[in-house]
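I have placed the structure first, in the form of structure tokens, so that the comments after it can refer back to it.
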Amino acid sequence: MNQQLDEQGRLKHFLTIEGLSRALLTEVLDSAERFAPVGERAVKNVPLLRGKTVVNLFFEPSTRTRTTFELAAKRLSADIINLNIAASATSKGESLTDTLRTLEAMQCDMFVVRHQNSGAAEFIADQVAPHISVINAGDGRHQHPTQAMLDMFTIRRAKQHFDGLVVAIVGDITHSRVARSEIQALNTLGVAEVRVVGPKTLIPTQVEALGAKVFNRIEDGIAGADVVMMLRLQQERMNSPLLPSAQEYFQAYGLTERRLKLAANDAVVMHPGPINRGVEIDSAVADGSQSVILHQVTHGIAVRMAVMSLVIGTHAAAGAS
Amino acid sequence: MSLCLAGARVIDPATKTDKCANVYIDGARIVKVGRAPKGFIADETIDLRGQILTPGFIELGAHLREPGLEHKATIASESRAAAAGGFTSVCCTPDTVPVIDNASVVEHIKQRARSARAARVLCLGALTHGLQGDVLAEMSALKASGCVAVTNADHAIRDTAVLRHALAYAASYELTVFLHPLDYWLNRDGRMHEGAVSTRLGIPGIPEADEIIAVNRDLTLVEETGVRAHFCRLSSGRSIALIARARRAGLPVTADVALSNLLFTDRDVGTFDPNYHLRPPLRDRGDRTRLRTGIKKRDVAAICANHEPHDADAKATPFSLSAPGVSSFDTFIPALLSLVERNAFDLSTAIAAVSQAPSEILGLEAGSLAADTPADICVFDPAREWVVSNDSITSAGKNTPFLHQTVRGKVTLTVIDGRIVYNTNG
């Protein structure tokens with residue numbers, strides 16, 4: 001039984017891509033298509049979530065994910081509170097369970113959660129009262145499902161469909177929750193091949209079991225690819241036992257115009273942001289004609305509106321029946 | 001006080017016994033298994049027909065949590081849970097607060113255990129001061145105060161020179177060293193077996209190399225120092241082969257496996273169930289098969305409950321933040337019997353692995369039903385079904401994957417030194 005689905009198979013939480021059907025992922029994308037024009041209007045909101053209270057519960061710092069969730073909630077006319085809880089605050093004092101109880105007592109309807117530990121969103125969804133929906137905004141190295149969906153949305157807009165696509169994900173796969181969600185979403189939506197590209201220190205054990213083909217040389221990994229997704233290289237991975245230096249990483253894995261020529265002629269370049277220019281991607285590529293990086297940000301709002309309205313809708317339906 | 005335990009199927013691997021018989025006990029010792037000795041008059045006879053009688057189980061490494069962690073469990077609660085699980089002797093690990101690295105802590109534990117009047121508690125002393133891995137513990141004093149072995153528990157020793165000296169020093173006093181094969185650096189960040197499941201869940205992995213490197217390192221040091229060593233809680237199939245080879249080469253080494261590692265695999269972590277957060281980690285199916293074969297072929301002699309009771313809060317948290325370990329005394333017999341039922345090994349091998357083998361490892365007199373040995377006895381009903389619940393578990397730790405499940409097999413009688421410490425027979 002998938003924890004995030006109700007008896008009718010509808011989304012009541014959005015925790016992970018794992019176990020979700022192609023139909024459900026497509027429903028999210030189609031719904032996001034309907035929300036996308038809202039942002040282009042003079043009055044940028046719809047009353048779908050009026051009277052609902054959304055809490056951005058961030059145990060780990062974030063700017064863009066938090067902001068786009070906030071915008072998404074506001075465009076749905078929900079009230080939104082941002083809570084940035086430093087890890088030390090919970091480790092020193094209140095337990096996670098107590099924090100949740102306190103917020104529940106404030107009669108909130110939805111938690112958007114980011115946490116540094118894998119499985120935290122599942123844990124929170126398990127703990128909260130039945131009327132509360134939980135959306136995972138990134139848990140440890142596990143999942144970042146709304147990021148994956150906005151990337152799927154961006155790919156569908158650029159390529160119209162997923163059939164036959166070859167997608168290369170380049171960078172630190174081991175520590176990336178985005179990569180795990182992407183690999184599962186791409187496979188569910190039926191692309192031809194998902195590749196992961198990076199040095200062996202950044203490719204997790206048996207990643208093939210998730211449905212990805214491993215390449216250690218970027219030239220091989222992006223050859224003929226329709227989509228090239230570059231991952232952010234975290235500061236703490238440079239000059240570590242995993243990588244000697246940012247310079248060497250750029251030399252070996254940085255996406256340059258020359259390397260991009262190895263991909264399909266109409267390949268698009270993506271990046272979940274924030275970008276390290278000159279570390280994983282050359283500025284000329286990031287700002288070039290094949291880059292859809294800024295579209296990803298814009299699409300993030302529509303996709304998050306879609307996810308929020310879907311899960312709240314499921315709860316409303318459950319309440320009505 | 002004389003006792004007649006009547007009509008059970010008696011299984012005692014040490015004396016190669018497997019038959020329906022009466023067991024006669026006088027005072028603290030076994031008089032005979034079979035016909036009544038001449039002139040024997042039992043003060044009490046207990047009818048145990050349909051049940052199985054074995055030597056009391058001996059646990060090689062339980063966390064009793066006292067002193068220092070009484071919010072999790074106490075010596076009284078856990079020695080009673082041990083008795084309810086058929087254990088008559090329990091080795092307690094030295095990772096208490098304070099650590100068992102001096103005789104006064106040993107005295108304190110012994111005194112608490114005496115007043116609990118349940119399972120016998122044997123102390124494992126620390127190998128290094130405070131288990132810090134820097135300064136040797138006062139092993140001579142620990143031995144004199146009654147510690148049955150010394151160990152650094154699952155605190156990996158960073159400095160191999162310290163480990164080498166500690167083993168040599170222990171060998172000087174003919175102490176057995178319990179070694180948890182861990183490489184400090186490879187073990188440090190991991191929370192579960194490194195494999196397809198850890199990759200899918202994004203949980204930092206503990207590579208198999210952690211254990212393999214440590215087993216190889218430790219075997220080299222055992223050979224050099226001549227210390228008698230017992231390898232605790234092997235989790236990887238490849239370690240079994242290394243230990244078996246060392247034994248064939250004549251090294252004085254033995255090993256055990258935790259029952260959980262024989263039952264489960266990393267797949268059971270499923271969706272972050274903290275009850276499967278264990279140390280050593282649950283490894284993959286191939287490892288589990290090789291561990292079971294290791295017990296069957298007796299390359300690994302002993303099975304350990306690895307009992308680690310926790311308070312509810314310790315598990316009410318995301319997987320990686322939860323405290324590792326499972327409370328396993330109460331469900332030990334049904335879990336062990338389930339392995340026999342699945343043909344992992346036969347019942348006699350299973351009983352030997354929890355009685356005769358740990359007794360030999362510790363050099364105890366118990367672990368058999370031979371005449372004139374301590375009357376430490378466990379009786380269980382292999383067919384009785386019961387529901388594992390917060391109320392039916394004796395241990396203060398309710399952290400078990402079997403919670404809310406119906407299991408089969410229940411201990412009904414535990415006798416220690418001829419004294420009935422647990423009895424649910426009429």
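Just so we're on the same page: first chain in the structure tokens is A, next is B, and so on; residues restart at 1 for each chain, and ligands are numbered from 1 in the order they show up.
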I'd like the contact shell of Leu242 of chain A - 10 Å cut-off, only C-alpha atoms, skipping same-chain residues fewer than 4 positions apart - returned as a list in words.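 Close residues of Leu242 of chain A: Asp172, Pro199, Lys200, Thr201, Leu202, Glu236, Arg237 and Met238 of chain A.
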Take the residues that were just selected and, keeping all heavy atoms, output them as a PDB file, in the first residue's frame.
ATOM      1  N   ASP A 172      26.869  14.711  -9.347  1.00  0.00           N
ATOM      2  CA  ASP A 172      26.914  13.982  -8.088  1.00  0.00           C
ATOM      3  C   ASP A 172      25.598  13.246  -7.877  1.00  0.00           C
ATOM      4  O   ASP A 172      24.665  13.766  -7.272  1.00  0.00           O
ATOM      5  CB  ASP A 172      27.178  14.976  -6.949  1.00  0.00           C
ATOM      6  CG  ASP A 172      27.226  14.291  -5.590  1.00  0.00           C
ATOM      7  OD1 ASP A 172      27.110  13.046  -5.551  1.00  0.00           O
ATOM      8  OD2 ASP A 172      27.379  14.999  -4.587  1.00  0.00           O
ATOM      9  N   PRO A 199      32.123  10.594 -12.061  1.00  0.00           N
ATOM     10  CA  PRO A 199      33.193   9.706 -11.593  1.00  0.00           C
ATOM     11  C   PRO A 199      32.618   8.676 -10.632  1.00  0.00           C
ATOM     12  O   PRO A 199      31.551   8.913 -10.040  1.00  0.00           O
ATOM     13  CB  PRO A 199      34.150  10.659 -10.867  1.00  0.00           C
ATOM     14  CG  PRO A 199      33.290  11.803 -10.434  1.00  0.00           C
ATOM     15  CD  PRO A 199      32.229  11.944 -11.486  1.00  0.00           C
ATOM     16  N   LYS A 200      33.311   7.554 -10.472  1.00  0.00           N
ATOM     17  CA  LYS A 200      32.773   6.459  -9.652  1.00  0.00           C
ATOM     18  C   LYS A 200      32.512   6.882  -8.213  1.00  0.00           C
ATOM     19  O   LYS A 200      31.688   6.269  -7.534  1.00  0.00           O
ATOM     20  CB  LYS A 200      33.737   5.268  -9.680  1.00  0.00           C
ATOM     21  CG  LYS A 200      33.726   4.564 -11.020  1.00  0.00           C
ATOM     22  CD  LYS A 200      34.493   3.263 -10.988  1.00  0.00           C
ATOM     23  CE  LYS A 200      34.356   2.569 -12.341  1.00  0.00           C
ATOM     24  NZ  LYS A 200      34.657   1.143 -12.276  1.00  0.00           N
ATOM     25  N   THR A 201      33.209   7.915  -7.739  1.00  0.00           N
ATOM     26  CA  THR A 201      32.987   8.362  -6.360  1.00  0.00           C
ATOM     27  C   THR A 201      31.630   9.039  -6.192  1.00  0.00           C
ATOM     28  O   THR A 201      31.162   9.208  -5.069  1.00  0.00           O
ATOM     29  CB  THR A 201      34.082   9.346  -5.915  1.00  0.00           C
ATOM     30  OG1 THR A 201      34.252  10.328  -6.950  1.00  0.00           O
ATOM     31  CG2 THR A 201      35.396   8.649  -5.653  1.00  0.00           C
ATOM     32  N   LEU A 202      31.015   9.448  -7.267  1.00  0.00           N
ATOM     33  CA  LEU A 202      29.735  10.167  -7.175  1.00  0.00           C
ATOM     34  C   LEU A 202      28.560   9.380  -7.759  1.00  0.00           C
ATOM     35  O   LEU A 202      27.471   9.907  -7.934  1.00  0.00           O
ATOM     36  CB  LEU A 202      29.850  11.535  -7.863  1.00  0.00           C
ATOM     37  CG  LEU A 202      30.917  12.483  -7.303  1.00  0.00           C
ATOM     38  CD1 LEU A 202      30.926  13.802  -8.069  1.00  0.00           C
ATOM     39  CD2 LEU A 202      30.686  12.756  -5.819  1.00  0.00           C
ATOM     40  N   GLU A 236      30.797  21.231  -0.422  1.00  0.00           N
ATOM     41  CA  GLU A 236      31.531  20.318   0.470  1.00  0.00           C
ATOM     42  C   GLU A 236      32.075  19.079  -0.247  1.00  0.00           C
ATOM     43  O   GLU A 236      32.838  18.324   0.327  1.00  0.00           O
ATOM     44  CB  GLU A 236      30.668  19.929   1.676  1.00  0.00           C
ATOM     45  CG  GLU A 236      29.429  19.111   1.352  1.00  0.00           C
ATOM     46  CD  GLU A 236      28.173  19.978   1.235  1.00  0.00           C
ATOM     47  OE1 GLU A 236      28.293  21.154   0.831  1.00  0.00           O
ATOM     48  OE2 GLU A 236      27.078  19.461   1.523  1.00  0.00           O
ATOM     49  N   ARG A 237      31.672  18.870  -1.506  1.00  0.00           N
ATOM     50  CA  ARG A 237      32.227  17.707  -2.236  1.00  0.00           C
ATOM     51  C   ARG A 237      33.546  18.051  -2.926  1.00  0.00           C
ATOM     52  O   ARG A 237      34.272  17.153  -3.331  1.00  0.00           O
ATOM     53  CB  ARG A 237      31.258  17.219  -3.311  1.00  0.00           C
ATOM     54  CG  ARG A 237      29.842  17.070  -2.860  1.00  0.00           C
ATOM     55  CD  ARG A 237      29.592  15.828  -2.048  1.00  0.00           C
ATOM     56  NE  ARG A 237      28.217  15.866  -1.572  1.00  0.00           N
ATOM     57  CZ  ARG A 237      27.855  15.739  -0.300  1.00  0.00           C
ATOM     58  NH1 ARG A 237      28.746  15.527   0.638  1.00  0.00           N
ATOM     59  NH2 ARG A 237      26.591  15.804   0.034  1.00  0.00           N
ATOM     60  N   MET A 238      33.785  19.353  -3.110  1.00  0.00           N
ATOM     61  CA  MET A 238      35.038  19.734  -3.771  1.00  0.00           C
ATOM     62  C   MET A 238      36.163  19.646  -2.729  1.00  0.00           C
ATOM     63  O   MET A 238      35.921  19.848  -1.551  1.00  0.00           O
ATOM     64  CB  MET A 238      34.950  21.174  -4.280  1.00  0.00           C
ATOM     65  CG  MET A 238      33.732  21.427  -5.141  1.00  0.00           C
ATOM     66  SD  MET A 238      33.559  23.199  -5.475  1.00  0.00           S
ATOM     67  CE  MET A 238      31.864  23.296  -6.017  1.00  0.00           C
TER      68      MET A 238
END
Per DSSP on the backbone, what are the helix (DSSP H, G or I) residues of segment 50-273 of chain A, as an MDAnalysis selection string? chainID A and resid 64:75 87:92 96:105 120:127 145:159 177:189 200:202 207:210 218:221 235:237 246:253 257:260
Near-segment 170-187 of chain B list (7 Å; only C-alpha atoms; drop same-chain fewer than 6 positions) as a PyMOL selection string: chain B and resi 139-140+149-151+153-154+156-158+206+210-211+213-215+225-233
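Distance criterion 10 Å to chain A, applied with only C-alpha atoms, yields Glu194, Gly195, Ala196, Val197, Ser198, Thr199, Arg200, Leu201, Gly202, Ile203, Pro204, Gly205, Pro207, Thr271, Phe272, Asp273, Asp313, Ala316, Thr317, Pro318, Phe319, Ser320 and Leu321 of chain B on chain B.
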Saved selection, atoms kept: C-alpha atoms, as an mmCIF file, in the first residue's frame:
data_model
loop_
_atom_site.group_PDB
_atom_site.id
_atom_site.type_symbol
_atom_site.label_atom_id
_atom_site.label_comp_id
_atom_site.auth_asym_id
_atom_site.auth_seq_id
_atom_site.Cartn_x
_atom_site.Cartn_y
_atom_site.Cartn_z
ATOM 1 C CA GLU B 194 25.312 -0.257 1.033
ATOM 2 C CA GLY B 195 23.453 -1.752 -1.905
ATOM 3 C CA ALA B 196 20.475 -1.285 -4.197
ATOM 4 C CA VAL B 197 18.129 -0.493 -1.301
ATOM 5 C CA SER B 198 20.377 2.155 0.291
ATOM 6 C CA THR B 199 20.781 3.707 -3.139
ATOM 7 C CA ARG B 200 17.015 3.795 -3.701
ATOM 8 C CA LEU B 201 16.268 5.212 -0.258
ATOM 9 C CA GLY B 202 19.194 7.616 -0.257
ATOM 10 C CA ILE B 203 20.460 6.350 3.080
ATOM 11 C CA PRO B 204 24.232 6.477 3.596
ATOM 12 C CA GLY B 205 25.550 2.942 3.207
ATOM 13 C CA PRO B 207 29.918 -1.128 2.627
ATOM 14 C CA THR B 271 10.071 2.367 3.460
ATOM 15 C CA PHE B 272 12.276 3.526 6.283
ATOM 16 C CA ASP B 273 10.999 1.253 9.074
ATOM 17 C CA ASP B 313 11.197 8.130 21.326
ATOM 18 C CA ALA B 316 9.928 7.777 16.694
ATOM 19 C CA THR B 317 12.075 9.652 14.223
ATOM 20 C CA PRO B 318 13.248 9.367 10.601
ATOM 21 C CA PHE B 319 15.279 6.215 9.936
ATOM 22 C CA SER B 320 18.787 7.682 9.968
ATOM 23 C CA LEU B 321 18.170 9.529 13.224
#
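The coordinates place atom CA of Thr414 of chain B at 12.0 Å from atom CA of Ile46 of chain B.
Nearest to Asn45 of chain A of all the residues A:Leu71, A:His13, A:Leu57, A:Glu219 is A:Leu71, based on only C-alpha atoms.
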Give me, please, the distance in Å between atom CA of Ala126 of chain B and atom CA of Asn152 of chain B, quoted to one decimal. 5.5 Å
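Across the model, the gap from atom CA of Ser240 of chain A to atom CA of Ile218 of chain A is 20.8 Å.
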Please provide the set of residues having any atom within 8 Å of Arg232 of chain A, restricted to only C-alpha atoms, with same-chain residues fewer than 4 positions apart removed, written as an MDAnalysis selection string. chainID A and resid 171:172 271:276 280
Mind the document's chain letters and residue numbers, and return as JSON, numbers by chain the residues of segment 157-217 of chain A that DSSP labels strand (DSSP E). {"A": [166, 167, 168, 169, 170, 193, 194, 195, 196, 197, 213, 214, 215]}
Could you check which of A:Ser133, A:Gln147, A:Gln234, A:Ser283 is closest to Leu5 of chain A, using only C-alpha atoms?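 Result for the nearest residue to Leu5 of chain A: A:Ser133.
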Residues within 12 Å of Thr74 of chain B, only C-alpha atoms, excluding chain neighbours under 6 positions, as a list in words: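 Result of the neighbour search: Ala62, His63, Leu64, Arg65, Glu66, Pro67, Gly68, Arg80, Ala81, Ala82, Cys92, Thr96, Ile109, Arg112, Ala113, Ala116, Glu308, Pro309, His310, Asp311, Thr394, Ser395, Ala396 and Gly397 of chain B.
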Selection near segment 76-78 of chain A, 10 Å with only C-alpha atoms, sequence-local residues under 3 positions removed, as a list in words: Phe35, Val38, Lys44, Asn45, Val46, Pro47, Leu48, Leu49, Arg50, Gly51, Lys52, Thr53, Val54, Glu70, Leu71, Ala72, Ala73, Ile81, Asp109, Met305, Ala306, Met308 and Ser309 of chain A
Applying 10 Å and only C-alpha atoms, which residues near Arg290 of chain B remain after dropping the ones on its own chain fewer than 5 positions away? List them as a ChimeraX atom specification. /B:235-241,262,285,295-296
File dump, residues just selected, N, CA and C atoms, as a compact mmCIF listing (two decimals), in the first residue's frame:
# COMPACT_ATOMS: atom_id res chain seq x y z
N SER B 235 27.94 -10.07 9.71
CA SER B 235 26.78 -9.75 8.86
C SER B 235 27.00 -10.11 7.40
N SER B 236 28.25 -10.33 7.04
CA SER B 236 28.55 -10.55 5.63
C SER B 236 28.93 -12.01 5.38
N GLY B 237 28.44 -12.56 4.28
CA GLY B 237 28.74 -13.94 3.94
C GLY B 237 30.24 -14.18 3.77
N ARG B 238 30.93 -13.18 3.26
CA ARG B 238 32.37 -13.37 3.03
C ARG B 238 33.16 -13.49 4.33
N SER B 239 32.67 -12.87 5.41
CA SER B 239 33.38 -13.02 6.69
C SER B 239 33.36 -14.46 7.17
N ILE B 240 32.25 -15.16 6.89
CA ILE B 240 32.11 -16.54 7.36
C ILE B 240 33.24 -17.39 6.78
N ALA B 241 33.50 -17.19 5.48
CA ALA B 241 34.56 -17.96 4.83
C ALA B 241 35.92 -17.63 5.45
N LEU B 262 19.86 -13.36 10.47
CA LEU B 262 19.44 -14.63 9.88
C LEU B 262 18.01 -14.55 9.38
N ARG B 285 20.23 -10.67 0.36
CA ARG B 285 19.73 -12.03 0.46
C ARG B 285 20.85 -13.07 0.41
N ILE B 295 25.76 -21.27 10.04
CA ILE B 295 25.23 -21.88 11.27
C ILE B 295 25.03 -23.38 11.04
N LYS B 296 24.46 -23.71 9.90
CA LYS B 296 24.17 -25.11 9.58
C LYS B 296 25.44 -25.96 9.60
